[in-house]
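Engineer: You'll find query-v4.csv just under this line, and it carries CSV, C-alpha atoms (C1' of nucleotides).
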chain,number,residue,atom,x,y,z
A,71,MET,CA,63.2,-86.8,7.6
A,72,GLU,CA,60.1,-85.0,8.6
A,73,ILE,CA,60.2,-82.0,6.4
A,74,LEU,CA,58.6,-81.5,3.1
A,75,ASP,CA,60.5,-80.0,0.2
A,76,LYS,CA,59.0,-78.4,-2.9
A,77,LEU,CA,58.9,-81.7,-4.7
A,78,ASP,CA,56.9,-83.4,-2.0
A,79,ILE,CA,54.5,-80.5,-2.0
A,80,ALA,CA,54.2,-80.7,-5.8
A,81,ILE,CA,53.5,-84.4,-5.5
A,82,LEU,CA,50.9,-83.9,-2.8
A,83,LYS,CA,49.1,-81.3,-4.8
A,84,ILE,CA,48.7,-83.8,-7.6
A,85,LEU,CA,47.6,-86.6,-5.4
A,86,GLN,CA,45.1,-84.4,-3.6
A,87,GLN,CA,43.5,-83.9,-7.0
A,88,ASP,CA,43.8,-87.4,-8.4
A,89,ASN,CA,45.7,-90.2,-6.7
A,90,PHE,CA,45.3,-92.4,-9.8
A,91,THR,CA,47.8,-90.3,-11.7
A,92,PRO,CA,50.6,-92.6,-12.8
A,93,GLN,CA,53.9,-92.1,-11.0
A,94,ARG,CA,55.5,-91.5,-14.4
A,95,ASP,CA,53.2,-88.6,-15.1
A,96,ILE,CA,53.7,-87.2,-11.7
A,97,GLY,CA,57.4,-87.5,-12.2
A,98,GLN,CA,57.2,-85.6,-15.5
A,99,GLN,CA,55.2,-82.8,-14.0
A,100,VAL,CA,57.4,-82.3,-11.0
A,101,GLY,CA,60.7,-83.1,-12.6
A,102,LEU,CA,61.6,-86.5,-11.1
A,103,SER,CA,61.9,-90.1,-12.2
A,104,ALA,CA,59.0,-92.4,-11.4
A,105,ALA,CA,61.2,-94.2,-9.0
A,106,ALA,CA,61.8,-91.1,-7.0
A,107,VAL,CA,58.1,-90.2,-6.9
A,108,GLN,CA,57.4,-93.7,-5.7
A,109,ARG,CA,59.9,-93.5,-2.9
A,110,ARG,CA,58.6,-90.1,-1.8
A,111,MET,CA,55.0,-91.3,-1.8
A,112,LYS,CA,55.9,-94.3,0.2
A,113,ARG,CA,57.7,-92.2,2.8
A,114,MET,CA,54.9,-89.7,3.1
A,115,LYS,CA,52.4,-92.6,3.5
A,116,GLU,CA,54.6,-94.1,6.3
A,117,GLU,CA,55.0,-90.8,8.0
A,118,GLY,CA,51.3,-90.2,8.0
A,119,ILE,CA,51.5,-87.1,5.8
A,120,ILE,CA,49.3,-88.9,3.4
A,121,GLN,CA,46.6,-90.1,5.7
A,122,ARG,CA,44.4,-92.1,3.4
A,123,ASN,CA,43.7,-92.8,-0.2
A,124,ILE,CA,40.0,-92.9,-1.0
A,125,SER,CA,37.4,-92.7,-3.7
A,126,VAL,CA,34.7,-90.0,-3.2
A,127,VAL,CA,31.2,-91.3,-3.9
A,128,ASN,CA,28.6,-88.9,-5.3
A,129,ARG,CA,25.9,-88.8,-2.6
A,130,GLU,CA,23.1,-87.8,-5.0
A,131,LYS,CA,23.7,-90.6,-7.4
A,132,ILE,CA,23.4,-93.2,-4.8
A,133,GLY,CA,20.3,-91.9,-3.2
A,134,ARG,CA,21.5,-89.8,-0.3
A,135,PRO,CA,20.8,-86.3,-1.6
A,136,ILE,CA,20.3,-84.6,1.8
A,137,THR,CA,23.2,-83.0,3.5
A,138,LEU,CA,22.6,-81.4,6.9
A,139,PHE,CA,24.5,-79.3,9.3
A,140,VAL,CA,23.8,-79.8,13.0
A,141,GLU,CA,25.1,-77.9,16.0
A,142,VAL,CA,24.8,-79.8,19.2
A,143,ILE,CA,24.8,-78.2,22.6
A,144,MET,CA,25.4,-80.4,25.6
A,145,GLU,CA,23.9,-80.3,29.1
A,146,SER,CA,27.2,-81.0,30.7
A,147,GLU,CA,30.7,-80.8,29.3
A,148,LYS,CA,32.1,-83.4,31.6
A,149,ALA,CA,34.7,-85.4,29.8
A,150,GLU,CA,32.9,-88.6,30.4
A,151,TYR,CA,29.7,-87.5,28.7
A,152,ILE,CA,31.6,-85.8,25.9
A,153,ASP,CA,33.6,-89.0,25.2
A,154,THR,CA,30.5,-91.1,25.1
A,155,THR,CA,28.8,-88.8,22.7
A,156,LYS,CA,31.9,-88.7,20.5
A,157,ALA,CA,31.8,-92.5,20.3
A,158,ILE,CA,28.2,-92.5,19.3
A,159,PHE,CA,28.7,-90.0,16.5
A,160,ARG,CA,31.8,-91.8,15.3
A,161,ALA,CA,29.8,-95.0,15.1
A,162,THR,CA,26.9,-93.6,13.2
A,163,PRO,CA,27.4,-94.0,9.5
A,164,GLU,CA,25.1,-91.1,8.5
A,165,VAL,CA,27.4,-88.8,10.5
A,166,GLN,CA,29.9,-88.1,7.8
A,167,GLN,CA,31.9,-85.6,9.8
A,168,CYS,CA,32.0,-84.6,13.5
A,169,TYR,CA,34.0,-81.9,15.1
A,170,TYR,CA,34.2,-81.1,18.8
A,171,VAL,CA,34.3,-77.3,19.0
A,172,THR,CA,34.5,-74.3,21.2
A,173,GLY,CA,32.0,-71.5,20.8
A,174,ASP,CA,28.3,-71.5,20.8
A,175,ALA,CA,28.0,-75.2,20.2
A,176,ASP,CA,29.9,-78.2,21.5
A,177,PHE,CA,29.7,-80.4,18.4
A,178,VAL,CA,29.2,-79.7,14.8
A,179,LEU,CA,28.1,-82.5,12.6
A,180,ILE,CA,27.7,-83.0,8.9
A,181,ILE,CA,25.0,-85.6,8.2
A,182,VAL,CA,24.2,-87.3,4.9
A,183,VAL,CA,20.9,-89.1,4.5
A,184,PRO,CA,18.4,-90.2,1.8
A,185,SER,CA,15.5,-88.0,3.0
A,186,MET,CA,14.3,-85.7,5.7
A,187,HIS,CA,12.3,-88.5,7.1
A,188,ASP,CA,15.4,-90.5,7.6
A,189,TYR,CA,16.9,-87.5,9.4
A,190,GLU,CA,14.0,-87.4,11.7
A,191,LEU,CA,14.4,-91.0,12.6
A,192,LEU,CA,18.1,-90.4,13.1
A,193,THR,CA,17.5,-87.5,15.4
A,194,ARG,CA,15.4,-89.7,17.6
A,195,ARG,CA,18.2,-92.2,17.9
A,196,ILE,CA,21.2,-90.1,18.4
A,197,PHE,CA,19.8,-86.8,19.9
A,198,PHE,CA,16.6,-87.5,21.7
A,199,GLY,CA,18.0,-90.7,22.9
A,200,ASN,CA,20.9,-88.9,24.6
A,201,ASP,CA,20.1,-87.1,27.9
A,202,ASN,CA,23.3,-85.2,27.7
A,203,ILE,CA,22.2,-83.3,24.7
A,204,LYS,CA,20.4,-80.1,25.6
A,205,HIS,CA,19.7,-78.7,22.2
A,206,PHE,CA,20.5,-79.1,18.6
A,207,ARG,CA,20.1,-76.8,15.7
A,208,THR,CA,19.8,-78.0,12.1
A,209,MET,CA,20.6,-76.3,8.8
A,210,VAL,CA,19.9,-77.9,5.5
A,211,ALA,CA,22.4,-77.7,2.7
A,212,MET,CA,20.9,-76.3,-0.5
A,213,ASP,CA,24.1,-76.2,-2.5
A,214,LEU,CA,27.3,-78.1,-1.9
A,215,VAL,CA,29.4,-75.2,-3.0
A,216,LYS,CA,32.7,-76.8,-2.2
A,217,VAL,CA,33.2,-80.2,-0.7
A,218,GLY,CA,36.6,-81.8,-0.2
A,219,LEU,CA,39.4,-82.6,2.2
A,220,ASP,CA,42.0,-80.6,0.4
A,221,VAL,CA,44.5,-78.7,2.4
A,222,SER,CA,46.1,-75.6,0.8
A,223,LEU,CA,49.7,-76.3,0.0
A,224,ASP,CA,50.6,-73.0,-1.5
A,225,THR,CA,52.4,-71.1,1.2
A,226,ILE,CA,54.4,-74.0,2.6
A,227,LEU,CA,58.0,-73.3,3.2
A,228,ALA,CA,58.7,-75.8,6.0
B,225,MET,CA,22.8,-98.9,-16.6
B,226,GLU,CA,22.3,-96.4,-13.8
B,227,ILE,CA,21.5,-98.6,-10.9
B,228,LEU,CA,23.9,-100.2,-8.5
B,229,ASP,CA,23.8,-103.8,-7.6
B,230,LYS,CA,25.2,-105.4,-4.5
B,231,LEU,CA,28.5,-106.0,-6.1
B,232,ASP,CA,28.9,-102.3,-7.0
B,233,ILE,CA,28.1,-101.3,-3.5
B,234,ALA,CA,30.6,-103.8,-2.1
B,235,ILE,CA,33.2,-102.4,-4.4
B,236,LEU,CA,32.4,-98.8,-3.4
B,237,LYS,CA,32.6,-99.7,0.2
B,238,ILE,CA,36.2,-100.9,-0.3
B,239,LEU,CA,37.2,-97.9,-2.5
B,240,GLN,CA,35.8,-95.5,0.0
B,241,GLN,CA,38.1,-96.9,2.6
B,242,ASP,CA,41.2,-97.4,0.4
B,243,ASN,CA,41.3,-96.9,-3.3
B,244,PHE,CA,44.8,-98.4,-3.6
B,245,THR,CA,43.4,-101.9,-2.9
B,246,PRO,CA,44.3,-104.0,-5.9
B,247,GLN,CA,41.4,-105.0,-8.1
B,248,ARG,CA,42.4,-108.6,-7.6
B,249,ASP,CA,41.9,-108.2,-3.9
B,250,ILE,CA,38.6,-106.4,-4.3
B,251,GLY,CA,37.5,-109.1,-6.7
B,252,GLN,CA,38.3,-111.8,-4.2
B,253,GLN,CA,36.4,-109.9,-1.4
B,254,VAL,CA,33.3,-109.4,-3.4
B,255,GLY,CA,33.4,-112.5,-5.5
B,256,LEU,CA,34.3,-111.3,-9.0
B,257,SER,CA,37.3,-111.5,-11.3
B,258,ALA,CA,39.7,-108.5,-11.3
B,259,ALA,CA,38.6,-107.8,-14.9
B,260,ALA,CA,35.0,-107.5,-13.8
B,261,VAL,CA,35.9,-105.2,-10.9
B,262,GLN,CA,37.9,-103.0,-13.3
B,263,ARG,CA,35.0,-102.7,-15.7
B,264,ARG,CA,32.6,-101.8,-12.9
B,265,MET,CA,35.0,-99.2,-11.5
B,266,LYS,CA,35.4,-97.7,-15.0
B,267,ARG,CA,31.6,-97.5,-15.4
B,268,MET,CA,31.0,-95.9,-12.0
B,269,LYS,CA,33.8,-93.4,-12.7
B,270,GLU,CA,32.2,-92.5,-16.1
B,271,GLU,CA,28.7,-92.2,-14.6
B,272,GLY,CA,30.0,-90.0,-11.9
B,273,ILE,CA,29.1,-92.3,-9.1
B,274,ILE,CA,32.8,-92.3,-8.2
B,275,GLN,CA,33.4,-88.6,-8.2
B,276,ARG,CA,37.1,-88.4,-7.5
B,277,ASN,CA,40.0,-90.4,-6.3
B,278,ILE,CA,42.1,-88.5,-3.9
B,279,SER,CA,44.8,-88.7,-1.2
B,280,VAL,CA,44.0,-87.1,2.1
B,281,VAL,CA,46.8,-85.1,3.5
B,282,ASN,CA,47.2,-84.8,7.3
B,283,ARG,CA,46.6,-81.1,8.1
B,284,GLU,CA,48.6,-81.1,11.3
B,285,LYS,CA,51.7,-82.7,9.7
B,286,ILE,CA,52.0,-80.0,7.1
B,287,GLY,CA,51.5,-77.1,9.4
B,288,ARG,CA,47.8,-76.4,9.2
B,289,PRO,CA,46.6,-77.4,12.6
B,290,ILE,CA,43.7,-75.0,12.9
B,291,THR,CA,40.3,-76.1,11.7
B,292,LEU,CA,37.4,-73.6,12.0
B,293,PHE,CA,33.7,-73.6,11.5
B,294,VAL,CA,32.2,-70.4,10.3
B,295,GLU,CA,28.5,-69.5,9.8
B,296,VAL,CA,28.0,-66.6,7.5
B,297,ILE,CA,24.9,-64.4,7.4
B,298,MET,CA,24.3,-62.3,4.4
B,299,GLU,CA,22.8,-58.8,4.2
B,300,SER,CA,20.8,-59.7,1.1
B,301,GLU,CA,19.9,-63.1,-0.3
B,302,LYS,CA,19.7,-61.8,-3.8
B,303,ALA,CA,21.0,-64.5,-6.2
B,304,GLU,CA,23.5,-62.2,-7.6
B,305,TYR,CA,25.2,-61.5,-4.3
B,306,ILE,CA,25.0,-65.1,-3.3
B,307,ASP,CA,26.6,-66.3,-6.5
B,308,THR,CA,29.5,-63.8,-6.1
B,309,THR,CA,30.1,-64.9,-2.6
B,310,LYS,CA,30.0,-68.6,-3.6
B,311,ALA,CA,32.6,-67.9,-6.2
B,312,ILE,CA,34.9,-66.2,-3.6
B,313,PHE,CA,34.6,-69.1,-1.2
B,314,ARG,CA,35.2,-71.6,-4.0
B,315,ALA,CA,38.4,-69.8,-5.0
B,316,THR,CA,39.8,-69.5,-1.5
B,317,PRO,CA,42.1,-72.4,-0.8
B,318,GLU,CA,41.8,-72.1,3.0
B,319,VAL,CA,38.1,-72.7,2.6
B,320,GLN,CA,38.1,-76.5,2.5
B,321,GLN,CA,34.3,-76.9,2.4
B,322,CYS,CA,31.5,-74.5,1.8
B,323,TYR,CA,27.8,-75.2,2.0
B,324,TYR,CA,24.9,-72.9,1.1
B,325,VAL,CA,22.2,-73.6,3.7
B,326,THR,CA,18.8,-72.7,4.9
B,327,GLY,CA,18.3,-71.9,8.6
B,328,ASP,CA,19.9,-69.4,10.8
B,329,ALA,CA,22.9,-69.0,8.5
B,330,ASP,CA,23.3,-68.6,4.8
B,331,PHE,CA,26.7,-70.3,4.4
B,332,VAL,CA,28.6,-72.7,6.5
B,333,LEU,CA,32.3,-72.9,6.0
B,334,ILE,CA,35.1,-75.2,7.1
B,335,ILE,CA,38.4,-73.4,7.1
B,336,VAL,CA,41.9,-74.9,7.5
B,337,VAL,CA,44.8,-72.6,8.3
B,338,PRO,CA,48.2,-72.6,10.0
B,339,SER,CA,47.3,-70.3,12.9
B,340,MET,CA,44.7,-68.1,14.3
B,341,HIS,CA,46.6,-65.1,13.0
B,342,ASP,CA,46.3,-66.5,9.5
B,343,TYR,CA,42.6,-66.8,10.2
B,344,GLU,CA,42.3,-63.2,11.2
B,345,LEU,CA,44.0,-62.1,8.0
B,346,LEU,CA,41.7,-64.3,6.1
B,347,THR,CA,38.6,-62.9,7.7
B,348,ARG,CA,39.7,-59.4,6.6
B,349,ARG,CA,40.0,-60.6,3.1
B,350,ILE,CA,36.9,-62.6,2.6
B,351,PHE,CA,34.5,-61.3,5.2
B,352,PHE,CA,35.2,-57.7,6.1
B,353,GLY,CA,36.0,-57.1,2.4
B,354,ASN,CA,32.6,-58.2,1.4
B,355,ASP,CA,29.8,-55.7,2.0
B,356,ASN,CA,27.1,-58.3,1.5
B,357,ILE,CA,28.2,-60.2,4.6
B,358,LYS,CA,26.3,-59.0,7.6
B,359,HIS,CA,27.7,-61.2,10.3
B,360,PHE,CA,29.8,-64.3,10.8
B,361,ARG,CA,30.2,-66.6,13.8
B,362,THR,CA,33.3,-68.7,14.3
B,363,MET,CA,33.8,-71.9,16.2
B,364,VAL,CA,37.2,-73.5,16.7
B,365,ALA,CA,37.6,-77.3,16.3
B,366,MET,CA,39.3,-78.8,19.3
B,367,ASP,CA,39.0,-82.4,18.1
B,368,LEU,CA,38.4,-83.7,14.6
B,369,VAL,CA,36.3,-86.5,15.9
B,370,LYS,CA,35.4,-87.8,12.5
B,371,VAL,CA,36.5,-86.4,9.2
B,372,GLY,CA,35.8,-88.0,5.8
B,373,LEU,CA,33.6,-87.9,2.8
B,374,ASP,CA,32.2,-91.3,3.3
B,375,VAL,CA,28.6,-92.0,2.4
B,376,SER,CA,26.8,-94.8,4.2
B,377,LEU,CA,26.2,-97.6,1.8
B,378,ASP,CA,24.5,-100.0,4.1
B,379,THR,CA,20.8,-99.7,3.4
B,380,ILE,CA,21.0,-99.3,-0.3
B,381,LEU,CA,18.6,-101.5,-2.3
B,382,ALA,CA,18.4,-99.4,-5.5
C,237,DG,C1',90.8,-77.6,-1.3
C,238,DT,C1',89.8,-82.5,-1.0
C,239,DA,C1',88.7,-86.9,1.0
C,240,DA,C1',85.1,-89.5,3.1
C,241,DC,C1',80.5,-90.1,3.9
C,242,DA,C1',75.4,-89.9,3.6
C,243,DA,C1',71.3,-89.1,1.0
C,244,DA,C1',68.8,-89.0,-3.0
C,245,DT,C1',68.6,-89.8,-7.7
C,246,DG,C1',68.0,-92.0,-12.7
C,247,DA,C1',68.2,-96.0,-15.6
C,248,DA,C1',67.2,-100.5,-16.2
C,249,DA,C1',65.5,-104.9,-14.8
C,250,DC,C1',61.8,-106.9,-12.7
C,251,DA,C1',57.3,-107.8,-10.6
C,252,DA,C1',52.7,-106.8,-10.2
C,253,DA,C1',48.8,-104.7,-11.6
C,254,DA,C1',45.6,-102.9,-15.0
C,255,DT,C1',43.5,-103.4,-19.5
C,256,DT,C1',41.9,-105.7,-23.6
C,257,DG,C1',40.2,-109.4,-26.7
C,258,DC,C1',37.6,-113.2,-26.9
C,259,DA,C1',34.5,-117.0,-26.1
C,260,DC,C1',30.8,-118.1,-23.3
C,261,DA,C1',26.7,-117.8,-20.1
C,262,DA,C1',22.6,-115.5,-18.3
C,263,DA,C1',18.9,-112.5,-18.9
C,264,DT,C1',15.8,-109.9,-21.9
C,265,DA,C1',13.3,-108.9,-26.1
C,266,DC,C1',10.9,-110.4,-29.9
D,277,DG,C1',11.6,-120.8,-29.6
D,278,DT,C1',15.6,-117.6,-31.4
D,279,DA,C1',18.1,-113.2,-31.5
D,280,DT,C1',20.1,-109.6,-28.8
D,281,DT,C1',22.0,-107.5,-25.1
D,282,DT,C1',24.8,-107.5,-21.0
D,283,DG,C1',28.0,-109.2,-18.1
D,284,DT,C1',31.4,-112.6,-17.0
D,285,DG,C1',36.1,-115.3,-16.6
D,286,DC,C1',40.3,-116.4,-18.6
D,287,DA,C1',44.4,-115.4,-20.9
D,288,DA,C1',47.3,-112.3,-23.5
D,289,DT,C1',49.0,-107.8,-23.6
D,290,DT,C1',50.2,-103.4,-21.9
D,291,DT,C1',50.9,-100.4,-18.4
D,292,DT,C1',52.3,-99.3,-14.0
D,293,DG,C1',54.7,-100.0,-9.7
D,294,DT,C1',58.8,-101.7,-7.4
D,295,DT,C1',63.6,-103.0,-6.6
D,296,DT,C1',68.4,-102.9,-7.7
D,297,DC,C1',72.5,-100.7,-8.5
D,298,DA,C1',75.8,-97.4,-10.1
D,299,DT,C1',76.1,-92.5,-10.1
D,300,DT,C1',75.5,-87.8,-8.6
D,301,DT,C1',74.8,-84.4,-5.2
D,302,DG,C1',75.5,-82.3,-1.1
D,303,DT,C1',77.6,-82.3,3.4
D,304,DT,C1',81.1,-82.8,6.9
D,305,DA,C1',85.8,-83.5,8.5
D,306,DC,C1',90.2,-82.7,7.9
For this file, write the structure as C-alpha cells.
Structural biologist:
Amino acid sequence: MEILDKLDIAILKILQQDNFTPQRDIGQQVGLSAAAVQRRMKRMKEEGIIQRNISVVNREKIGRPITLFVEVIMESEKAEYIDTTKAIFRATPEVQQCYYVTGDADFVLIIVVPSMHDYELLTRRIFFGNDNIKHFRTMVAMDLVKVGLDVSLDTILA
Amino acid sequence: MEILDKLDIAILKILQQDNFTPQRDIGQQVGLSAAAVQRRMKRMKEEGIIQRNISVVNREKIGRPITLFVEVIMESEKAEYIDTTKAIFRATPEVQQCYYVTGDADFVLIIVVPSMHDYELLTRRIFFGNDNIKHFRTMVAMDLVKVGLDVSLDTILA
DNA sequence: GTAACAAATGAAACAAAATTGCACAAATAC
DNA sequence: GTATTTGTGCAATTTTGTTTCATTTGTTAC
C-alpha cells in the first residue's frame, strides 16, 4: 500500500501536532482501536511517510536567540562546486536549514546562533573561506511568526 | 532551576534526533536512570525548553513536492498592517514557516504546496489580495539540502 | 447471488515503557 | 555543625505499546 486514506491523514494530523499522544487517544479521536493506530503508524514510518520523530528545542531558552536568513550567490554553478558547498552547509550545525534554489539566489539558509558576533565568525568560516561564493545577503529575524515543519493535510484525496 | 547541565543537553541532543528513544536507552547513553531522564524531560517540557514533540511528514510522499521561498516587501511598516499580515500568514496552512525580518525584505516565507498551479492560486489569495504588500519575490527549492528545527547544542556551557 | 480469498479490524493477552513513592546522598543554607 | 533543598536510584505501580487471534469487511471469481 502506498496511498493514505482519511484515517491515515487524521492520524498524521495529530502526530504532526504532538507525537506523544497515546495511541489509545488517537484511536478514540479518529475512530479506531489503539492496535489499528499502532499498525498504521508503523506502516507510515516504514514507508517514510513519517520521516522523523523529534523534539523541538526552544532556541531562545538555550541561548541561541538569533535567527538569520541568508541568500547565497555562487560564482559558478558547476555541479562540483555546488555539491561541495552543500556538504559544508550540511555539516555546519549552526545552519539549521539549507535549500538549493532557483531564482536570484543559489542557496537559502536559515542560521541559528547565540549572537551576531558568532554569526560574524561563522561567515568567515563558511562564506569568506569559500572562493565559490560570490555574494551573500543577510536578513535578521525579528519575529519567528511561524516555525514548524508541518505540511498541510487538508485537501488530500490521494 | 532554569539552567541546563551537561546531562540535560545530552538528553536534548538525543530527543532532537529521535524522541521515541526509550528513556531507558537515553539513561544508559547519558549515565542516568530512566526515572531521572523522565523527570528531566518533564521539567524541560514544563519550562518550555522542549517546545513541542512532533512527527515530521515527508512532503513528497503525501503529494506536496513543491517548496518555495518568498520574500515579501510591504508598502507600509505600520504595526497595524504588519500584525494583520502576520495573522494571515499564520493562518495559512501552506505557509509552513514565516519570519518577520529586517533587511531587504519584511517577511520571509517558506511555502509547501502540491504544484506551481496551487502556488499561483495561493499568491492571489494572500499576496494580491493584500493591498499592503508591495512586492514579493519567489525562489523555488530544487533540493532540500537540510531541513530541520535542530539547534546546535555543542558549545553550551550555561 | 455466493463461495473463496485478502486485507484490515477489535478485543484480549502480553510485553515494555513511563510514572510514582520512597529512602538516600550530595550540595546549599543557616 | 545541623537543617533544608535538590536530585538520584530502585522498586512498585500504572500506563502505554505490541502481538495474537478470531471476526468482519470488502473484493474477486465463478
Engineer: Quote the spacing between CA of Ile96 in chain A and CA of Leu82 in chain A in Å to one decimal place.
Structural biologist: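 Result for CA of Ile96 in chain A versus CA of Leu82 in chain A: 9.9 Å, one decimal.
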Engineer: Using all atoms listed in the file, which residues of chain A come within 12 Å of chain D, and what is the closest atom pair for each, with the distance in Å to one decimal? Give it as CSV, sorted by chain and residue number.
Structural biologist:
residue,atom,partner,partner_atom,distance
A:Phe90,CA,D:DT292,C1',10.7
A:Thr91,CA,D:DT292,C1',10.3
A:Pro92,CA,D:DT292,C1',7.0
A:Gln93,CA,D:DT292,C1',8.0
A:Arg94,CA,D:DT292,C1',8.4
A:Asp95,CA,D:DT292,C1',10.8
A:Ala104,CA,D:DG293,C1',8.9
A:Ala105,CA,D:DT294,C1',8.0
A:Ala106,CA,D:DT294,C1',11.0
A:Val107,CA,D:DG293,C1',10.7
A:Gln108,CA,D:DG293,C1',7.9
A:Arg109,CA,D:DT294,C1',9.4
A:Met111,CA,D:DG293,C1',11.8
A:Lys112,CA,D:DT294,C1',11.0
Engineer: Dig up all the protein and nucleic acid residues within 10 Å of (26.6, -91.0, -12.1) in the file frame, using only C-alpha atoms (C1' of nucleotides), and format them as a list in words.
Structural biologist: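 Those residues lying close to the given coordinates are Val127, Asn128, Arg129, Glu130, Lys131 and Ile132 of chain A; Met225, Glu226, Ile227, Arg267, Met268, Lys269, Glu270, Glu271, Gly272, Ile273, Ile274 and Gln275 of chain B.
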Engineer: May I ask which of the residues A:Asp188, A:Val165, A:Arg110, A:Leu85 is the closest one to Arg122 in chain A, counting all atoms listed in the file?
Structural biologist: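 Among A:Asp188, A:Val165, A:Arg110, A:Leu85, it is A:Leu85 that comes nearest to Arg122 in chain A.
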Engineer: For range 243-251 of chain C, I'd like the enclosing box, axis-aligned and padded by 3 Å on every side, reported as AutoDock Vina command-line options with centre and edge lengths in Å to one decimal.
Structural biologist:
--center_x 64.3 --center_y -98.4 --center_z -7.6 --size_x 20.0 --size_y 24.8 --size_z 23.2
Engineer: Counting all atoms listed in the file, a student should be able to say which residues of chain C come within 10 Å of chain B; what is the right answer, written as a PyMOL selection string?
Structural biologist: chain C and resi 252-256
Engineer: Pull out range 304-319 of chain B, keep N, CA, C and O atoms, and write it as a PDB file, in the first residue's frame.
Structural biologist:
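Result file follows (decode15.pdb):
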ATOM      1  N   GLU B 304       0.151  48.046  12.676  1.00  0.00           N
ATOM      2  CA  GLU B 304      -1.186  47.528  12.429  1.00  0.00           C
ATOM      3  C   GLU B 304      -1.208  46.622  11.198  1.00  0.00           C
ATOM      4  O   GLU B 304      -1.718  45.500  11.226  1.00  0.00           O
ATOM      5  N   TYR B 305      -0.623  47.090  10.114  1.00  0.00           N
ATOM      6  CA  TYR B 305      -0.605  46.317   8.872  1.00  0.00           C
ATOM      7  C   TYR B 305       0.260  45.068   9.029  1.00  0.00           C
ATOM      8  O   TYR B 305      -0.080  43.989   8.532  1.00  0.00           O
ATOM      9  N   ILE B 306       1.368  45.262   9.701  1.00  0.00           N
ATOM     10  CA  ILE B 306       2.273  44.126   9.894  1.00  0.00           C
ATOM     11  C   ILE B 306       1.568  43.027  10.672  1.00  0.00           C
ATOM     12  O   ILE B 306       1.624  41.851  10.309  1.00  0.00           O
ATOM     13  N   ASP B 307       0.868  43.425  11.718  1.00  0.00           N
ATOM     14  CA  ASP B 307       0.201  42.417  12.553  1.00  0.00           C
ATOM     15  C   ASP B 307      -0.895  41.683  11.780  1.00  0.00           C
ATOM     16  O   ASP B 307      -1.053  40.468  11.915  1.00  0.00           O
ATOM     17  N   THR B 308      -1.628  42.438  10.993  1.00  0.00           N
ATOM     18  CA  THR B 308      -2.674  41.798  10.185  1.00  0.00           C
ATOM     19  C   THR B 308      -2.061  40.766   9.245  1.00  0.00           C
ATOM     20  O   THR B 308      -2.568  39.648   9.100  1.00  0.00           O
ATOM     21  N   THR B 309      -0.985  41.157   8.627  1.00  0.00           N
ATOM     22  CA  THR B 309      -0.342  40.269   7.662  1.00  0.00           C
ATOM     23  C   THR B 309       0.247  39.045   8.354  1.00  0.00           C
ATOM     24  O   THR B 309       0.117  37.912   7.852  1.00  0.00           O
ATOM     25  N   LYS B 310       0.840  39.253   9.494  1.00  0.00           N
ATOM     26  CA  LYS B 310       1.320  38.115  10.281  1.00  0.00           C
ATOM     27  C   LYS B 310       0.199  37.123  10.537  1.00  0.00           C
ATOM     28  O   LYS B 310       0.365  35.911  10.376  1.00  0.00           O
ATOM     29  N   ALA B 311      -0.929  37.643  10.923  1.00  0.00           N
ATOM     30  CA  ALA B 311      -2.064  36.777  11.257  1.00  0.00           C
ATOM     31  C   ALA B 311      -2.502  35.960  10.051  1.00  0.00           C
ATOM     32  O   ALA B 311      -2.838  34.781  10.174  1.00  0.00           O
ATOM     33  N   ILE B 312      -2.468  36.596   8.882  1.00  0.00           N
ATOM     34  CA  ILE B 312      -2.868  35.876   7.662  1.00  0.00           C
ATOM     35  C   ILE B 312      -1.889  34.740   7.378  1.00  0.00           C
ATOM     36  O   ILE B 312      -2.291  33.602   7.120  1.00  0.00           O
ATOM     37  N   PHE B 313      -0.613  35.049   7.436  1.00  0.00           N
ATOM     38  CA  PHE B 313       0.391  34.023   7.156  1.00  0.00           C
ATOM     39  C   PHE B 313       0.288  32.886   8.177  1.00  0.00           C
ATOM     40  O   PHE B 313       0.407  31.716   7.842  1.00  0.00           O
ATOM     41  N   ARG B 314       0.068  33.267   9.423  1.00  0.00           N
ATOM     42  CA  ARG B 314      -0.026  32.255  10.479  1.00  0.00           C
ATOM     43  C   ARG B 314      -1.200  31.311  10.223  1.00  0.00           C
ATOM     44  O   ARG B 314      -1.130  30.125  10.495  1.00  0.00           O
ATOM     45  N   ALA B 315      -2.249  31.869   9.675  1.00  0.00           N
ATOM     46  CA  ALA B 315      -3.473  31.084   9.495  1.00  0.00           C
ATOM     47  C   ALA B 315      -3.500  30.308   8.179  1.00  0.00           C
ATOM     48  O   ALA B 315      -4.427  29.552   7.933  1.00  0.00           O
ATOM     49  N   THR B 316      -2.488  30.492   7.359  1.00  0.00           N
ATOM     50  CA  THR B 316      -2.478  29.813   6.059  1.00  0.00           C
ATOM     51  C   THR B 316      -1.664  28.527   6.160  1.00  0.00           C
ATOM     52  O   THR B 316      -0.467  28.569   6.403  1.00  0.00           O
ATOM     53  N   PRO B 317      -2.306  27.379   5.978  1.00  0.00           N
ATOM     54  CA  PRO B 317      -1.609  26.106   6.204  1.00  0.00           C
ATOM     55  C   PRO B 317      -0.439  25.884   5.257  1.00  0.00           C
ATOM     56  O   PRO B 317       0.553  25.265   5.641  1.00  0.00           O
ATOM     57  N   GLU B 318      -0.551  26.395   4.035  1.00  0.00           N
ATOM     58  CA  GLU B 318       0.540  26.215   3.077  1.00  0.00           C
ATOM     59  C   GLU B 318       1.801  26.968   3.498  1.00  0.00           C
ATOM     60  O   GLU B 318       2.905  26.624   3.053  1.00  0.00           O
ATOM     61  N   VAL B 319       1.636  28.000   4.291  1.00  0.00           N
ATOM     62  CA  VAL B 319       2.790  28.723   4.813  1.00  0.00           C
ATOM     63  C   VAL B 319       3.357  27.919   5.973  1.00  0.00           C
ATOM     64  O   VAL B 319       2.833  27.946   7.079  1.00  0.00           O
TER      65      VAL B 319
END
